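Chemist: My structure is stored as upload15.cif, with mmCIF, C-alpha atoms and all ligand atoms.
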```cif
data_my_file
#
loop_
_atom_site.label_atom_id
_atom_site.label_comp_id
_atom_site.auth_asym_id
_atom_site.auth_seq_id
_atom_site.Cartn_x
_atom_site.Cartn_y
_atom_site.Cartn_z
CA MET D 1 -4.88 -11.66 -13.84
CA ILE D 2 -6.39 -8.38 -15.10
CA TYR D 3 -7.75 -6.26 -12.28
CA GLN D 4 -11.46 -5.58 -12.72
CA GLY D 5 -12.50 -3.75 -9.57
CA VAL D 6 -13.66 -4.55 -6.06
CA LEU D 7 -16.73 -6.67 -6.87
CA ASN D 8 -14.86 -8.78 -9.37
CA ARG D 9 -11.91 -9.29 -7.02
CA TYR D 10 -13.70 -9.81 -3.68
CA GLY D 11 -17.38 -10.17 -4.63
CA SER D 12 -17.64 -13.70 -3.21
CA LEU D 13 -16.81 -12.29 0.25
CA LEU D 14 -19.30 -9.44 0.09
CA ASP D 15 -22.88 -9.90 1.24
CA LEU D 16 -24.69 -8.47 -1.78
CA PRO D 17 -28.08 -9.50 -3.24
CA ALA D 18 -28.13 -11.78 -6.29
CA HIS D 19 -29.55 -9.01 -8.50
CA THR D 20 -26.38 -6.91 -8.03
CA THR D 21 -25.01 -5.91 -11.44
CA PRO D 22 -21.41 -4.64 -11.29
CA VAL D 23 -20.88 -0.96 -12.04
CA THR D 24 -17.16 -0.29 -11.70
CA LEU D 25 -14.43 2.22 -12.42
CA LEU D 26 -11.79 -0.32 -11.35
CA GLU D 27 -11.67 1.12 -7.84
CA GLY D 28 -9.58 -0.46 -5.09
CA ASN D 29 -6.21 -2.17 -5.50
CA THR D 30 -4.60 0.97 -4.02
CA PRO D 31 -0.92 0.95 -3.03
CA LEU D 32 0.24 0.11 0.48
CA ILE D 33 3.23 2.44 0.58
CA PRO D 34 6.11 1.73 3.00
CA MET D 35 7.09 4.89 4.94
CA PRO D 36 10.46 4.01 6.56
CA ARG D 37 11.72 7.59 6.85
CA LEU D 38 8.49 8.85 8.39
CA ALA D 39 8.62 5.95 10.88
CA GLU D 40 12.14 7.07 11.86
CA GLU D 41 10.94 10.65 12.25
CA LEU D 42 8.27 9.40 14.65
CA GLY D 43 10.80 7.56 16.82
CA GLY D 44 11.55 4.48 14.78
CA GLY D 45 11.55 0.81 15.71
CA PHE D 46 8.35 -0.04 13.84
CA GLU D 47 7.15 -0.69 10.29
CA LEU D 48 4.82 1.94 8.86
CA TYR D 49 2.65 1.71 5.76
CA VAL D 50 0.19 4.15 4.22
CA LYS D 51 -2.83 2.68 2.44
CA TYR D 52 -3.20 5.48 -0.11
CA GLU D 53 -6.91 5.61 -0.82
CA GLY D 54 -6.60 8.95 -2.58
CA LEU D 55 -5.64 6.92 -5.66
CA ASN D 56 -9.15 5.56 -6.15
CA PRO D 57 -10.97 6.71 -9.35
CA THR D 58 -12.69 9.72 -7.74
CA GLY D 59 -9.90 10.39 -5.27
CA SER D 60 -11.15 8.78 -2.06
CA PHE D 61 -11.98 5.43 -0.45
CA LYS D 62 -15.69 6.16 -0.98
CA ASP D 63 -15.44 4.42 -4.37
CA ARG D 64 -15.08 1.00 -2.69
CA GLY D 65 -18.49 1.24 -1.08
CA MET D 66 -20.06 3.16 -3.93
CA THR D 67 -19.36 0.46 -6.52
CA ALA D 68 -21.32 -1.95 -4.28
CA ALA D 69 -24.20 0.43 -3.47
CA ILE D 70 -24.67 1.57 -7.07
CA SER D 71 -24.32 -1.98 -8.43
CA GLU D 72 -27.07 -3.14 -6.09
CA ALA D 73 -29.33 -0.18 -6.95
CA ALA D 74 -28.71 -0.62 -10.69
CA GLY D 75 -29.45 -4.34 -10.43
CA ARG D 76 -32.94 -3.72 -9.09
CA GLY D 77 -33.66 -1.07 -11.68
CA ALA D 78 -33.27 2.09 -9.58
CA LYS D 79 -33.35 5.24 -11.69
CA ALA D 80 -32.00 7.73 -9.16
CA VAL D 81 -29.79 7.89 -6.10
CA ILE D 82 -29.41 10.48 -3.35
CA CYS D 83 -26.85 11.16 -0.64
CA ALA D 84 -25.75 13.69 1.93
CA SER D 85 -22.08 14.42 1.78
CA THR D 86 -19.13 16.32 3.18
CA GLY D 87 -17.88 16.09 -0.43
CA ASN D 88 -16.22 12.81 -1.29
CA THR D 89 -19.39 10.73 -1.15
CA ALA D 90 -20.98 13.24 -3.53
CA ALA D 91 -18.20 12.96 -6.09
CA SER D 92 -18.16 9.18 -5.85
CA ALA D 93 -21.95 8.75 -6.03
CA ALA D 94 -22.08 11.12 -9.00
CA ALA D 95 -19.42 9.19 -10.93
CA TYR D 96 -20.88 5.73 -10.33
CA ALA D 97 -24.48 6.87 -10.87
CA THR D 98 -23.72 8.43 -14.24
CA ARG D 99 -21.75 5.33 -15.19
CA ALA D 100 -24.91 3.31 -14.47
CA GLY D 101 -27.13 5.79 -16.32
CA MET D 102 -28.85 6.93 -13.11
CA ARG D 103 -29.68 10.39 -11.85
CA CYS D 104 -27.77 11.55 -8.79
CA VAL D 105 -28.79 14.17 -6.25
CA VAL D 106 -26.38 15.27 -3.52
CA ILE D 107 -27.05 17.50 -0.55
CA ILE D 108 -24.11 19.23 1.05
CA PRO D 109 -23.54 21.79 3.83
CA ARG D 110 -23.10 25.21 2.20
CA GLY D 111 -19.56 26.57 2.20
CA LYS D 112 -18.13 23.53 3.98
CA VAL D 113 -17.20 21.32 1.06
CA ALA D 114 -13.66 21.43 -0.36
CA ALA D 115 -13.37 22.80 -3.91
CA GLY D 116 -12.07 19.63 -5.54
CA LYS D 117 -15.00 17.60 -4.23
CA LEU D 118 -17.73 20.02 -5.26
CA ALA D 119 -16.14 20.37 -8.70
CA GLY D 120 -16.07 16.58 -9.02
CA ALA D 121 -19.75 16.17 -8.20
CA ILE D 122 -20.66 18.86 -10.73
CA ALA D 123 -18.32 17.51 -13.40
CA TYR D 124 -19.86 14.03 -13.13
CA GLY D 125 -23.25 15.62 -13.68
CA ALA D 126 -24.92 15.37 -10.26
CA ARG D 127 -27.67 17.72 -9.15
CA VAL D 128 -25.91 19.49 -6.26
CA ILE D 129 -28.01 21.15 -3.58
CA GLN D 130 -26.38 23.19 -0.81
CA ILE D 131 -28.26 23.70 2.44
CA ASP D 132 -27.82 26.18 5.25
CA GLY D 133 -27.12 23.40 7.68
CA SER D 134 -24.60 20.75 8.67
CA PHE D 135 -23.84 17.35 7.20
CA ASP D 136 -26.03 15.87 9.92
CA ASP D 137 -29.00 18.00 8.77
CA ALA D 138 -28.32 16.92 5.18
CA LEU D 139 -28.30 13.25 6.20
CA ASN D 140 -31.66 13.57 7.98
CA LEU D 141 -33.15 15.17 4.87
CA VAL D 142 -31.93 12.54 2.39
CA VAL D 143 -33.16 9.74 4.65
CA GLU D 144 -36.65 11.31 4.60
CA VAL D 145 -36.60 11.85 0.85
CA SER D 146 -35.50 8.28 0.18
CA ASN D 147 -38.22 6.94 2.51
CA LYS D 148 -40.94 8.86 0.65
CA HIS D 149 -39.77 8.52 -2.94
CA PRO D 150 -38.25 5.83 -5.18
CA ILE D 151 -34.71 7.19 -4.84
CA ALA D 152 -31.97 4.92 -3.50
CA LEU D 153 -30.01 6.18 -0.49
CA VAL D 154 -26.25 5.68 -0.95
CA ASN D 155 -24.88 7.06 2.30
CA SER D 156 -23.10 4.54 4.52
CA LEU D 157 -26.46 3.80 6.19
CA ASN D 158 -26.79 1.72 3.03
CA PRO D 159 -25.39 -1.68 4.13
CA TYR D 160 -23.83 -2.37 0.72
CA ARG D 161 -21.49 0.59 1.15
CA LEU D 162 -20.00 -1.19 4.16
CA GLU D 163 -19.77 -4.45 2.26
CA GLY D 164 -17.74 -2.82 -0.51
CA GLN D 165 -15.49 -1.00 1.94
CA LYS D 166 -14.48 -4.28 3.60
CA SER D 167 -12.27 -4.80 0.54
CA GLY D 168 -9.72 -2.38 1.99
CA ALA D 169 -9.08 -4.77 4.88
CA PHE D 170 -8.81 -7.76 2.53
CA GLU D 171 -6.24 -5.97 0.36
CA ILE D 172 -4.08 -5.04 3.34
CA CYS D 173 -4.05 -8.63 4.62
CA ASP D 174 -3.32 -9.97 1.13
CA VAL D 175 -0.36 -7.63 0.63
CA LEU D 176 1.17 -8.03 4.11
CA GLY D 177 0.28 -11.72 4.46
CA SER D 178 -1.57 -10.90 7.70
CA ALA D 179 -3.36 -8.08 9.47
CA PRO D 180 -1.13 -5.31 10.91
CA ASP D 181 -0.65 -4.94 14.68
CA TRP D 182 -2.14 -1.45 14.68
CA PHE D 183 -4.52 0.07 12.20
CA CYS D 184 -5.20 3.84 12.26
CA LEU D 185 -7.79 5.87 10.40
CA PRO D 186 -9.87 9.05 10.57
CA VAL D 187 -13.44 8.71 11.83
CA GLY D 188 -16.32 10.88 10.61
CA ASN D 189 -19.67 9.23 10.03
CA ALA D 190 -17.88 6.03 11.13
CA GLY D 191 -18.77 3.81 8.20
CA ASN D 192 -15.16 3.14 7.30
CA ILE D 193 -13.96 2.03 10.74
CA THR D 194 -17.05 -0.19 10.97
CA SER D 195 -16.44 -1.88 7.65
CA TYR D 196 -12.68 -2.33 8.15
CA TRP D 197 -13.41 -4.12 11.41
CA MET D 198 -16.02 -6.29 9.64
CA GLY D 199 -13.45 -7.03 6.93
CA PHE D 200 -10.58 -7.88 9.28
CA ARG D 201 -12.80 -10.19 11.33
CA GLN D 202 -14.17 -11.95 8.26
CA TYR D 203 -10.67 -12.53 6.84
CA ASN D 204 -9.41 -13.74 10.18
CA ALA D 205 -12.25 -16.28 10.42
CA LEU D 206 -11.50 -17.41 6.88
CA LYS D 207 -7.70 -17.26 6.71
CA GLN D 208 -6.44 -16.76 10.27
CA SER D 209 -4.96 -13.45 9.16
CA GLY D 210 -5.08 -12.04 12.69
CA LEU D 211 -6.73 -8.89 13.99
CA PRO D 212 -5.31 -5.39 14.38
CA GLN D 213 -5.82 -3.01 17.27
CA ILE D 214 -7.74 -0.06 15.86
CA LEU D 215 -6.99 3.58 16.54
CA GLY D 216 -9.85 5.75 15.26
CA VAL D 217 -9.15 9.46 15.17
CA GLN D 218 -11.57 12.39 15.23
CA ALA D 219 -10.89 16.13 15.10
CA GLU D 220 -11.16 17.90 18.47
CA GLY D 221 -13.89 20.25 17.29
CA SER D 222 -15.90 17.36 15.96
CA ALA D 223 -15.38 14.48 18.36
CA PRO D 224 -18.75 13.06 19.46
CA LEU D 225 -17.34 9.56 19.98
CA VAL D 226 -14.64 10.85 22.31
CA LEU D 227 -16.93 13.24 24.19
CA GLY D 228 -19.68 10.64 24.49
CA HIS D 229 -22.41 12.91 23.14
CA PRO D 230 -23.41 14.50 19.81
CA VAL D 231 -21.79 17.78 18.76
CA ASP D 232 -24.34 20.29 17.44
CA HIS D 233 -21.92 22.58 15.64
CA PRO D 234 -18.91 20.51 14.61
CA GLU D 235 -15.92 22.51 13.39
CA THR D 236 -12.62 21.40 11.87
CA VAL D 237 -10.43 22.10 8.86
CA ALA D 238 -10.74 18.39 8.15
CA THR D 239 -14.13 18.85 6.46
CA ALA D 240 -14.48 15.16 5.56
CA ILE D 241 -14.81 14.33 9.28
CA ARG D 242 -16.81 17.40 10.28
CA ILE D 243 -19.70 15.30 11.60
CA GLY D 244 -21.45 15.73 14.96
CA ARG D 245 -23.79 12.70 14.93
CA PRO D 246 -22.03 9.74 13.32
CA ALA D 247 -24.57 7.33 11.81
CA ARG D 248 -22.36 4.35 12.69
CA GLY D 249 -21.14 5.71 16.02
CA GLU D 250 -22.18 2.70 18.12
CA GLN D 251 -20.46 0.29 15.75
CA ALA D 252 -17.32 2.44 15.71
CA LEU D 253 -17.09 2.32 19.49
CA GLU D 254 -17.61 -1.43 19.37
CA ALA D 255 -14.85 -1.83 16.78
CA ALA D 256 -12.45 0.15 18.94
CA GLU D 257 -13.35 -1.79 22.07
CA GLN D 258 -13.43 -5.27 20.55
CA SER D 259 -10.08 -4.68 18.84
CA ASN D 260 -8.52 -3.53 22.09
CA GLY D 261 -7.98 -0.13 20.51
CA ARG D 262 -9.60 3.26 21.04
CA ILE D 263 -11.00 6.42 19.51
CA ILE D 264 -9.19 9.66 20.28
CA ALA D 265 -9.28 13.27 19.10
CA VAL D 266 -6.48 15.51 17.82
CA SER D 267 -6.29 19.26 17.15
CA ASP D 268 -6.56 20.85 13.72
CA GLU D 269 -2.93 22.01 14.16
CA ALA D 270 -1.80 18.41 14.65
CA ILE D 271 -3.79 17.33 11.59
CA LEU D 272 -2.30 20.05 9.38
CA ALA D 273 1.21 19.39 10.69
CA MET D 274 0.83 15.73 9.78
CA GLN D 275 -0.57 16.64 6.37
CA LYS D 276 2.65 18.58 5.73
CA ARG D 277 4.82 15.78 7.05
CA LEU D 278 3.16 13.20 4.83
CA ALA D 279 3.59 15.50 1.84
CA ALA D 280 7.26 15.91 2.75
CA ASN D 281 7.45 12.14 2.42
CA GLY D 282 5.84 12.20 -0.99
CA VAL D 283 2.22 11.49 -0.06
CA TRP D 284 -0.10 14.49 -0.36
CA VAL D 285 -3.49 13.91 1.24
CA GLU D 286 -6.45 16.06 2.21
CA PRO D 287 -6.51 17.19 5.87
CA ALA D 288 -8.94 14.53 7.21
CA SER D 289 -6.71 11.85 5.72
CA ALA D 290 -3.82 12.91 7.92
CA ALA D 291 -5.86 12.50 11.12
CA GLY D 292 -5.15 8.79 11.57
CA LEU D 293 -1.41 9.29 11.60
CA ALA D 294 -1.70 12.49 13.65
CA GLY D 295 -3.52 10.40 16.25
CA MET D 296 -0.85 7.74 16.25
CA ARG D 297 1.83 10.38 16.71
CA HIS D 298 -0.16 11.92 19.56
CA ASP D 299 -0.36 8.62 21.43
CA LEU D 300 3.30 7.83 20.71
CA GLU D 301 4.46 11.15 22.14
CA ALA D 302 2.15 10.78 25.14
CA GLY D 303 3.64 7.32 25.78
CA LYS D 304 0.20 5.75 25.40
CA ILE D 305 1.18 3.34 22.67
CA ASP D 306 4.20 1.10 22.27
CA LEU D 307 4.99 0.28 18.67
CA LYS D 308 8.40 -1.36 19.09
CA GLY D 309 8.67 -4.18 16.58
CA LYS D 310 5.10 -3.59 15.45
CA ARG D 311 3.59 -3.25 12.03
CA VAL D 312 1.33 -0.24 11.55
CA VAL D 313 -1.02 0.56 8.69
CA VAL D 314 -2.52 4.02 8.38
CA VAL D 315 -5.34 4.71 5.95
CA CYS D 316 -4.98 7.98 4.06
CA THR D 317 -8.56 8.30 2.93
CA GLY D 318 -8.48 11.01 0.24
CA HIS D 319 -6.18 12.83 -2.17
CA GLY D 320 -4.59 16.22 -1.44
CA MET D 321 -5.95 17.64 -4.69
CA LYS D 322 -9.44 17.48 -3.20
CA ASP D 323 -8.74 20.48 -1.00
CA PRO D 324 -6.32 22.84 -2.78
CA ASP D 325 -7.41 25.87 -0.72
CA ILE D 326 -5.83 24.46 2.43
CA VAL D 327 -2.44 24.52 0.74
CA ALA D 328 -3.00 28.03 -0.57
CA LYS D 329 -3.88 29.19 2.95
CA GLN D 330 -1.20 27.28 4.84
CA MET D 331 1.82 27.46 2.63
CA GLU D 332 3.87 30.14 0.92
CA ALA D 333 2.58 31.55 -2.39
CA PRO D 334 5.01 31.10 -5.33
CA THR D 335 7.44 33.97 -5.98
CA VAL D 336 6.84 36.19 -9.04
CA LEU D 337 9.97 37.40 -10.89
CA PRO D 338 10.74 39.03 -14.25
CA ALA D 339 11.66 36.57 -16.99
CA ARG D 340 15.36 37.51 -16.74
CA LEU D 341 18.24 35.12 -16.19
CA ALA D 342 19.92 37.34 -13.59
CA ASP D 343 16.83 37.45 -11.41
CA ILE D 344 16.23 33.74 -11.74
CA GLU D 345 19.86 32.94 -10.91
CA GLU D 346 19.75 35.15 -7.86
CA ALA D 347 16.59 33.40 -6.64
CA VAL D 348 17.92 29.91 -7.36
CA VAL D 349 21.56 30.06 -6.27
CA GLY D 350 21.64 33.24 -4.17
CA ALA D 351 23.10 36.71 -4.67
CA LYS D 352 26.24 37.04 -6.83
C1 LIG D 401 -15.65 10.02 4.27
C2 LIG D 401 -14.28 10.36 4.64
C3 LIG D 401 -13.76 10.12 5.93
C4 LIG D 401 -14.60 9.59 7.04
O1 LIG D 401 -15.08 8.29 6.81
P1 LIG D 401 -16.33 7.77 7.64
O2 LIG D 401 -16.67 6.47 7.04
O3 LIG D 401 -17.40 8.80 7.46
O4 LIG D 401 -15.91 7.70 9.06
C5 LIG D 401 -12.43 10.40 6.17
N1 LIG D 401 -11.64 10.92 5.22
C6 LIG D 401 -12.10 11.18 3.98
C7 LIG D 401 -11.17 11.75 2.98
C8 LIG D 401 -13.42 10.91 3.65
O5 LIG D 401 -13.86 11.18 2.42
#
```
Spit out the file's structure as structure tokens when you get a sec.

Modeler:
Amino acid sequence: MIYQGVLNRYGSLLDLPAHTTPVTLLEGNTPLIPMPRLAEELGGGFELYVKYEGLNPTGSFKDRGMTAAISEAAGRGAKAVICASTGNTAASAAAYATRAGMRCVVIIPRGKVAAGKLAGAIAYGARVIQIDGSFDDALNLVVEVSNKHPIALVNSLNPYRLEGQKSGAFEICDVLGSAPDWFCLPVGNAGNITSYWMGFRQYNALKQSGLPQILGVQAEGSAPLVLGHPVDHPETVATAIRIGRPARGEQALEAAEQSNGRIIAVSDEAILAMQKRLAANGVWVEPASAAGLAGMRHDLEAGKIDLKGKRVVVVCTGHGMKDPDIVAKQMEAPTVLPARLADIEEAVVGAK
């Protein structure tokens, strides 16, 4: 069977209006990569898989929801879409909108969007507006604009985004034959954790695939769901989860509670350390994408989670190429040498 994208593959399980007209870049169908060595490094005794969402067409999981939101908007004749973004939503909305022949406007917090995401939004032809404010300010503004004008809102307040994103849960169950025991992911605006929980529950009702316990992970400087109140000035290197007032916060807390899991916070240091560790195992992700696994490691080392004999799936939400500056800042710059064999030999195999 030729793969034709999320709506073609799972459309019958997604609650989308009849007028929905598929706009796809063949998103989804991302690899579930076994990570046996990394599991050993973390203490061993369990099965670990990374759902590598960075391999979607615009480099993040946002494409799963965006194909649904843009397909719905296109089907009812919308001419323009708008979103607030920490970066990946912007790139995804821009790509799917232009594919559908629609205008796309994105509003982002100035100076807080990773280079690869901003470049993507511009390359796909979106009108990019930076504001002197946070993601949360940007979200308030786009909600007002979309209420006053005929421009479709494609943030995860849009219910079709969540419908499309359920496909991640379906894929995991289809590949493993059942839901994992634990399921870990980063939490920002909390749309993804909400839709995964919707997806796992729907598949369980349909196919008795079981339900995972969910570990949602925020960054310490941006952890409203852990603190129990909004954060006015969220800060973290993991810019994709730099959100102080998650739009789906209530549903995220419900997902954690109903699944017998929890939402925790980890430090930026722990996130960056896990980003390096994942890369050392061949999977390079942007910082936010390492948060889920950093959280799992935190709870393992604190003795708060027992994974013996368990199957764990961690979602790595976006590709490392989205945020090249982090690598430039964190890691060693390449050596510069004259183009002479002697110098190269000395550098490669040591002094003669
Ligand atoms: C959007 C995003 C998140 C956060 O997802 P939410 O649905 O907002 O919780 C995490 N990681 C990456 C790479 C993202 O783009």

Chemist: Counting all atoms listed in the file, what residues are within 7 Å of ligand LIG 401 (chain D), given as a PDB file with C-alpha atoms, in the frame of the given file?

Modeler:
```pdb
ATOM      1  CA  SER D  60     -11.150   8.780  -2.060  1.00  0.00           C
ATOM      2  CA  PHE D  61     -11.980   5.430  -0.450  1.00  0.00           C
ATOM      3  CA  LYS D  62     -15.690   6.160  -0.980  1.00  0.00           C
ATOM      4  CA  GLY D  87     -17.880  16.090  -0.430  1.00  0.00           C
ATOM      5  CA  ASN D  88     -16.220  12.810  -1.290  1.00  0.00           C
ATOM      6  CA  THR D  89     -19.390  10.730  -1.150  1.00  0.00           C
ATOM      7  CA  PRO D 186      -9.870   9.050  10.570  1.00  0.00           C
ATOM      8  CA  VAL D 187     -13.440   8.710  11.830  1.00  0.00           C
ATOM      9  CA  GLY D 188     -16.320  10.880  10.610  1.00  0.00           C
ATOM     10  CA  ASN D 189     -19.670   9.230  10.030  1.00  0.00           C
ATOM     11  CA  ALA D 190     -17.880   6.030  11.130  1.00  0.00           C
ATOM     12  CA  GLY D 191     -18.770   3.810   8.200  1.00  0.00           C
ATOM     13  CA  ASN D 192     -15.160   3.140   7.300  1.00  0.00           C
ATOM     14  CA  ILE D 193     -13.960   2.030  10.740  1.00  0.00           C
ATOM     15  CA  ALA D 240     -14.480  15.160   5.560  1.00  0.00           C
ATOM     16  CA  ILE D 241     -14.810  14.330   9.280  1.00  0.00           C
ATOM     17  CA  GLU D 286      -6.450  16.060   2.210  1.00  0.00           C
ATOM     18  CA  ALA D 288      -8.940  14.530   7.210  1.00  0.00           C
ATOM     19  CA  SER D 289      -6.710  11.850   5.720  1.00  0.00           C
ATOM     20  CA  THR D 317      -8.560   8.300   2.930  1.00  0.00           C
ATOM     21  CA  GLY D 318      -8.480  11.010   0.240  1.00  0.00           C
TER      22      GLY D 318
END
```

Chemist: Taking all atoms listed in the file into account, which of D:Gly45, D:Gly303, D:Pro212, D:Pro287 comes nearest D:Ala114?

Modeler: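 Counting all atoms listed in the file, the residue closest to D:Ala114 is D:Pro287.
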
Chemist: Enumerate, in order of chain and increasing residue number, the residues of stretch 132-210 of chain D with an atom no farther than 6 Å from stretch 101-112 of chain D, each with its shortest atom pair and distance in Å to one decimal, counting only C-alpha atoms, as CSV.

Modeler:
```
residue,atom,partner,partner_atom,distance
D:Asp132,CA,D:Arg110,CA,5.7
D:Gly133,CA,D:Pro109,CA,5.5
D:Ser134,CA,D:Pro109,CA,5.1
D:Phe135,CA,D:Pro109,CA,5.6
D:Ala138,CA,D:Ile107,CA,5.9
```

Chemist: The residues within 12 Å of (-19.5, -12.3, -1.5), using all atoms listed in the file and the coordinates of the file, should be reported as a ChimeraX atom specification; which are they?

Modeler: /D:6-18,20,68,160,163-164,166-167,199,202

Chemist: Could you produce a table of the residues of stretch 30-138 of chain D lying within 10 Å of stretch 254-278 of chain D, with the nearest pair of atoms per residue and their separation in Å rounded to one decimal, using all atoms listed in the file, ordered by chain and increasing residue number, as CSV?

Modeler:
```
residue,atom,partner,partner_atom,distance
D:Met35,CA,D:Leu278,CA,9.2
D:Leu38,CA,D:Leu278,CA,7.7
D:Glu41,CA,D:Arg277,CA,9.5
D:Val50,CA,D:Leu278,CA,9.5
```

Chemist: Mind giving me the straight-line distance from atom CA of D:Gly120 to atom CA of D:Tyr196 in Å, one decimal?

Modeler: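 Going from atom CA of D:Gly120 over to atom CA of D:Tyr196, I get 25.8 Å.
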
Chemist: Work out how far apart atom CA of D:Thr58 and atom CA of D:Asp181 are and give it in Å to one decimal.

Modeler: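 So the answer is 29.4 Å.
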
Chemist: Between D:Ala280, D:Leu55, D:Val313, D:Leu42, single out the one closest to D:His298, counting all atoms listed in the file.

Modeler: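 Selected residue with least distance to D:His298: D:Leu42.
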
Chemist: Return as CSV the residues of stretch 148-233 of chain D lying at most 12 Å from stretch 26-31 of chain D, together with the closest atom-to-atom pair for each and the distance in Å to one decimal, counting all atoms listed in the file, with rows in chain order and ascending residue number.

Modeler:
```
residue,atom,partner,partner_atom,distance
D:Gly164,CA,D:Gly28,CA,9.7
D:Gln165,CA,D:Gly28,CA,9.2
D:Lys166,CA,D:Gly28,CA,10.7
D:Ser167,CA,D:Gly28,CA,7.6
D:Gly168,CA,D:Gly28,CA,7.3
D:Ala169,CA,D:Gly28,CA,10.9
D:Phe170,CA,D:Asn29,CA,10.1
D:Glu171,CA,D:Asn29,CA,7.0
D:Ile172,CA,D:Pro31,CA,9.3
D:Asp174,CA,D:Asn29,CA,10.6
D:Val175,CA,D:Pro31,CA,9.3
D:Leu176,CA,D:Pro31,CA,11.7
```

Chemist: Would you compute the distance between atom CA of D:Gln251 and atom CA of D:Thr194? Give it in Å to one decimal.

Modeler: 5.9 Å

Chemist: At a cut-off of 9 Å from (-32.1, 11.1, 3.0) in the coordinates of the file, what residues are picked up using all atoms listed in the file, written as a PyMOL selection string?

Modeler: chain D and resi 82-84+107+138-147+152-155

Chemist: When you look at D:Lys117 with a cut-off of 10 Å (counting only C-alpha atoms), what residues show up, excluding the ones that are within fewer than 4 positions of it in the same chain? I need them as number ranges by chain.

Modeler: D: 58-60, 85-92, 113, 121-123, 321-323

Chemist: Write out, as a PDB file, in the frame of the given file, the residues just selected, with C-alpha atoms.

Modeler:
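Listing of result33.pdb after writing:
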```pdb
ATOM      1  CA  THR D  58     -12.690   9.720  -7.740  1.00  0.00           C
ATOM      2  CA  GLY D  59      -9.900  10.390  -5.270  1.00  0.00           C
ATOM      3  CA  SER D  60     -11.150   8.780  -2.060  1.00  0.00           C
ATOM      4  CA  SER D  85     -22.080  14.420   1.780  1.00  0.00           C
ATOM      5  CA  THR D  86     -19.130  16.320   3.180  1.00  0.00           C
ATOM      6  CA  GLY D  87     -17.880  16.090  -0.430  1.00  0.00           C
ATOM      7  CA  ASN D  88     -16.220  12.810  -1.290  1.00  0.00           C
ATOM      8  CA  THR D  89     -19.390  10.730  -1.150  1.00  0.00           C
ATOM      9  CA  ALA D  90     -20.980  13.240  -3.530  1.00  0.00           C
ATOM     10  CA  ALA D  91     -18.200  12.960  -6.090  1.00  0.00           C
ATOM     11  CA  SER D  92     -18.160   9.180  -5.850  1.00  0.00           C
ATOM     12  CA  VAL D 113     -17.200  21.320   1.060  1.00  0.00           C
ATOM     13  CA  ALA D 121     -19.750  16.170  -8.200  1.00  0.00           C
ATOM     14  CA  ILE D 122     -20.660  18.860 -10.730  1.00  0.00           C
ATOM     15  CA  ALA D 123     -18.320  17.510 -13.400  1.00  0.00           C
ATOM     16  CA  MET D 321      -5.950  17.640  -4.690  1.00  0.00           C
ATOM     17  CA  LYS D 322      -9.440  17.480  -3.200  1.00  0.00           C
ATOM     18  CA  ASP D 323      -8.740  20.480  -1.000  1.00  0.00           C
TER      19      ASP D 323
END
```

Chemist: Using all atoms listed in the file, which of D:Gly116, D:Gly244, D:Pro150, D:Gly177 sits nearest D:Val81?

Modeler: D:Pro150

Chemist: Skip stretch 347-350 of chain D itself and residues of its chain fewer than 4 positions away, then list as a list of chain:residue names all residues within 10 Å of it, counting only C-alpha atoms.

Modeler: D:Thr335, D:Leu337, D:Leu341, D:Ala342, D:Asp343
